[in-house]
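The structure appears below as structure tokens.
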Amino acid sequence: MSHHRPQLTRAARPATFTVDAFDETGALQPTPIAGEHPLTIYVDKREILTIMTLGAAPEALVIGYLRNQRLLETMDDIISVQVDWEINACSVTTRHGLKNLDEKMAKRTKTTGCGEGTVFGDLMTDLDNIQLPHDIQISQTTLYALLNNVRIHESIYKQAGAVHGCALSNTAGEILTFVEDVGRHNAVDAIAGWMWLEGIDGSDKIFYTTGRLTSEMVIKAAQMGIPFLVSRSGLTQMGYDIAQRVGITMIGRAVNKHYLLFTGVERLITS
């Protein structure tokens, strides 16, 4: 069965820009800094919102955003995604328009996301329809392998800081894709878009993020069908409650060989 791919631009922006700075001794230090660009999303010529982004994977970001907000149901709904940085805009053309857009925009909620964190509609009511696999496990060795692979991965953060990173891994701890952006939710959405574009199933994957595990982060992982959520940071009470509700294995404060396992204990095989 063929997998539909919309028409896409390839409009990645440079990840870093070099500027002059002076160190504590007064010496001039050319220093890389992270890019940040406004990108206004238009769907069928209707403005949806403006996202501040690094611009590394804008097409996947927009697709993942629309997917995670439940504004589009299948990849077949998308005809094209065209990014034009001269006007800082992304134009999405669909076959049938966005589903219940007015109703969902009326329920838009500002969240704790860096940059632009919003949830369209009442996604909480959809959580009970999400089924995550119960029979898949990973070992402590796999978790350590993932954390090491993230540590040695070449990243914009190492050059310039000021970004969040997210990775999608298989159950061997091997990184399948790694995305950085100025907001962690952008990085999540870009990976969701990449998964949708490539037809990647989330049921046997691990999602890693440098950011804290808030309610929206857990909801997005659940919507992507991913049973493992790992962060080097901490979590919020609502993130914890939702992880318990949907059955995600949530691991926080994960650095080197230290971690805290909060929910879904049965999926992690310890040594």
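Following the order of the structure tokens, chains are lettered A, B, ..., residues in each are numbered from 1, and ligands are numbered from 1.
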Please provide as a short mmCIF file (atom, residue, chain, number, x, y, z; two decimals) with N, CA and C atoms, in the first residue's frame all residues within 7 Å of region 247-262 of chain A, with the sequence filter that same-chain residues fewer than 4 positions apart are discarded (counting only C-alpha atoms).
data_model
loop_
_atom_site.label_atom_id
_atom_site.label_comp_id
_atom_site.auth_asym_id
_atom_site.auth_seq_id
_atom_site.Cartn_x
_atom_site.Cartn_y
_atom_site.Cartn_z
N LEU A 132 -2.35 2.37 24.43
CA LEU A 132 -0.92 2.13 24.31
C LEU A 132 -0.62 0.66 24.60
N TYR A 144 20.08 3.25 29.34
CA TYR A 144 21.42 3.83 29.45
C TYR A 144 22.03 4.07 28.06
N LEU A 147 20.47 7.26 26.66
CA LEU A 147 21.01 8.46 27.31
C LEU A 147 22.42 8.75 26.83
N ASN A 148 23.22 7.72 26.60
CA ASN A 148 24.57 7.93 26.09
C ASN A 148 24.55 8.41 24.65
N PRO A 227 4.83 4.52 24.04
CA PRO A 227 4.62 4.10 25.44
C PRO A 227 5.70 4.54 26.41
N PHE A 228 6.86 5.02 25.91
CA PHE A 228 7.98 5.40 26.78
C PHE A 228 8.30 6.88 26.61
N LEU A 229 8.35 7.61 27.71
CA LEU A 229 8.65 9.04 27.69
C LEU A 229 9.76 9.31 28.69
N VAL A 230 10.89 9.82 28.19
CA VAL A 230 12.08 10.02 29.02
C VAL A 230 12.51 11.48 28.94
N SER A 231 12.89 12.05 30.09
CA SER A 231 13.35 13.44 30.12
C SER A 231 14.54 13.57 31.05
N ARG A 232 15.44 14.48 30.70
CA ARG A 232 16.54 14.79 31.62
C ARG A 232 16.06 15.76 32.70
N SER A 233 14.85 16.29 32.54
CA SER A 233 14.30 17.27 33.47
C SER A 233 13.25 16.60 34.35
N GLY A 234 12.47 17.42 35.05
CA GLY A 234 11.46 16.91 35.96
C GLY A 234 10.08 16.89 35.33
N LEU A 235 9.05 16.88 36.15
CA LEU A 235 7.69 16.75 35.65
C LEU A 235 6.75 17.58 36.53
N ALA A 243 -0.04 10.76 32.75
CA ALA A 243 0.78 9.59 32.43
C ALA A 243 0.20 8.33 33.07
N ARG A 267 6.98 -1.80 32.56
CA ARG A 267 7.62 -1.87 31.24
C ARG A 267 9.14 -1.79 31.29
#
Region 177-243 of chain A residues near region 60-74 of chain A within 12 Å, closest pair each, using only C-alpha atoms, as a Markdown table:
| residue | atom | partner | partner_atom | distance |
| --- | --- | --- | --- | --- |
| A:Val179 | CA | A:Leu61 | CA | 9.9 |
| A:Glu180 | CA | A:Leu61 | CA | 10.9 |
| A:Asp181 | CA | A:Leu61 | CA | 9.8 |
| A:Gly183 | CA | A:Leu61 | CA | 11.4 |
| A:Arg184 | CA | A:Leu61 | CA | 11.5 |
| A:His185 | CA | A:Tyr65 | CA | 8.9 |
| A:Asn186 | CA | A:Leu61 | CA | 6.4 |
| A:Ala187 | CA | A:Leu61 | CA | 7.4 |
| A:Val188 | CA | A:Gly64 | CA | 7.9 |
| A:Asp189 | CA | A:Gly64 | CA | 4.3 |
| A:Ala190 | CA | A:Leu61 | CA | 3.8 |
| A:Ile191 | CA | A:Gly64 | CA | 7.0 |
| A:Ala192 | CA | A:Gly64 | CA | 4.7 |
| A:Gly193 | CA | A:Gly64 | CA | 3.7 |
| A:Trp194 | CA | A:Ala60 | CA | 5.4 |
| A:Met195 | CA | A:Gly64 | CA | 8.5 |
| A:Trp196 | CA | A:Gly64 | CA | 7.6 |
| A:Leu197 | CA | A:Ala60 | CA | 7.7 |
| A:Glu198 | CA | A:Ala60 | CA | 10.4 |
| A:Gly199 | CA | A:Thr74 | CA | 10.8 |
| A:Glu216 | CA | A:Asn68 | CA | 9.9 |
| A:Met217 | CA | A:Asn68 | CA | 10.4 |
| A:Val218 | CA | A:Asn68 | CA | 11.5 |
| A:Ile219 | CA | A:Asn68 | CA | 8.8 |
| A:Lys220 | CA | A:Asn68 | CA | 6.2 |
| A:Ala221 | CA | A:Asn68 | CA | 9.3 |
| A:Ala222 | CA | A:Asn68 | CA | 10.0 |
| A:Gln223 | CA | A:Asn68 | CA | 7.0 |
| A:Met224 | CA | A:Asn68 | CA | 8.1 |
| A:Gly225 | CA | A:Asn68 | CA | 11.5 |
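Nearest to Cys166 (chain A) of all the residues A:Thr209, A:His134, A:Gly202, A:Ile152 is A:Thr209, counting only C-alpha atoms.
Pairwise distance (CA of Ile136 (chain A), CA of Gly264 (chain A)) equals 11.1 Å.
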Name the residues of region 138-231 of chain A that fall into strand (DSSP E or B) according to DSSP on the backbone, using the chain letters and numbers of this document, as a PyMOL selection string.
chain A and resi 138-139+164-170+175-181+205-209+213+228-231
Separation of CA of Gly55 (chain A) from CA of Ile33 (chain A), in Å and rounded to one decimal:
13.7 Å
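Every protein or nucleic acid residue with an atom no more than 10 Å from Ile48 (chain A), counting only C-alpha atoms and leaving out same-chain residues fewer than 6 positions away, appears here: Thr40, Ile41, Tyr42, Leu66, Leu101 and Met105 of chain A.
Of the listed residues (A:His37, A:Arg212, A:Arg151, A:Lys45), A:Arg212 comes nearest to Gly239 (chain A); the distances count only C-alpha atoms.
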Extract, using only C-alpha atoms, all DNA, RNA and protein residues at most 8 Å from Asp76 (chain A), discarding same-chain residues fewer than 6 positions from it, and format them as a PDB file with N, CA and C atoms, in the first residue's frame.
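part-v2.pdb, written as the output of this step:
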ATOM      1  N   HIS A   4       0.870   8.145   1.238  1.00  0.00           N
ATOM      2  CA  HIS A   4       0.713   9.474   0.645  1.00  0.00           C
ATOM      3  C   HIS A   4       1.678  10.467   1.276  1.00  0.00           C
ATOM      4  N   ARG A   5       2.350  11.239   0.423  1.00  0.00           N
ATOM      5  CA  ARG A   5       3.194  12.344   0.877  1.00  0.00           C
ATOM      6  C   ARG A   5       2.736  13.610   0.174  1.00  0.00           C
ATOM      7  N   PRO A   6       2.448  14.670   0.927  1.00  0.00           N
ATOM      8  CA  PRO A   6       2.053  15.932   0.301  1.00  0.00           C
ATOM      9  C   PRO A   6       3.239  16.579  -0.402  1.00  0.00           C
TER      10      PRO A   6
END
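Among the candidates A:Glu24, A:Val182, A:Leu143, A:Gln29, the one nearest to Asn170 (chain A) when counting only C-alpha atoms is A:Leu143.
Between CA of Ser271 (chain A) and CA of Ile138 (chain A) lies a distance of 11.3 Å.
Looking only at region 160-240 of chain A, the set that DSSP places in alpha helix (DSSP H) from backbone geometry is Ala160, Arg184, His185, Asn186, Ala187, Val188, Asp189, Ala190, Ile191, Ala192, Gly193, Trp194, Met195, Trp196, Leu197, Glu198, Ser215, Glu216, Met217, Val218, Ile219, Lys220, Ala221, Ala222, Gln223, Gln237, Met238, Gly239 and Tyr240 of chain A.
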Okay, now the selection with C-alpha atoms, as a CSV table (one decimal), in the first residue's frame?
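After the write, result36.csv holds the following:
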chain,number,residue,atom,x,y,z
A,160,ALA,CA,25.0,27.7,21.0
A,184,ARG,CA,10.3,21.9,23.3
A,185,HIS,CA,6.8,21.6,22.0
A,186,ASN,CA,8.1,22.6,18.5
A,187,ALA,CA,10.6,19.8,18.7
A,188,VAL,CA,7.9,17.3,19.7
A,189,ASP,CA,5.6,18.5,16.9
A,190,ALA,CA,8.4,18.3,14.3
A,191,ILE,CA,9.0,14.6,15.3
A,192,ALA,CA,5.3,13.9,15.2
A,193,GLY,CA,5.2,15.4,11.7
A,194,TRP,CA,8.3,13.3,10.6
A,195,MET,CA,6.6,10.2,11.9
A,196,TRP,CA,3.4,11.0,10.0
A,197,LEU,CA,5.3,11.7,6.8
A,198,GLU,CA,7.4,8.5,7.0
A,215,SER,CA,0.5,17.6,30.7
A,216,GLU,CA,0.8,18.7,27.1
A,217,MET,CA,4.0,16.8,26.6
A,218,VAL,CA,2.4,13.6,27.9
A,219,ILE,CA,-0.7,14.1,25.8
A,220,LYS,CA,1.4,14.5,22.6
A,221,ALA,CA,3.4,11.4,23.3
A,222,ALA,CA,0.2,9.4,23.9
A,223,GLN,CA,-1.3,10.8,20.7
A,237,GLN,CA,1.7,17.0,38.8
A,238,MET,CA,-0.7,17.1,35.9
A,239,GLY,CA,1.8,15.5,33.7
A,240,TYR,CA,2.2,12.7,36.2
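Nearest to Val150 (chain A) of all the residues A:Phe17, A:Lys99, A:Ala167, A:Pro38 is A:Ala167, counting only C-alpha atoms.
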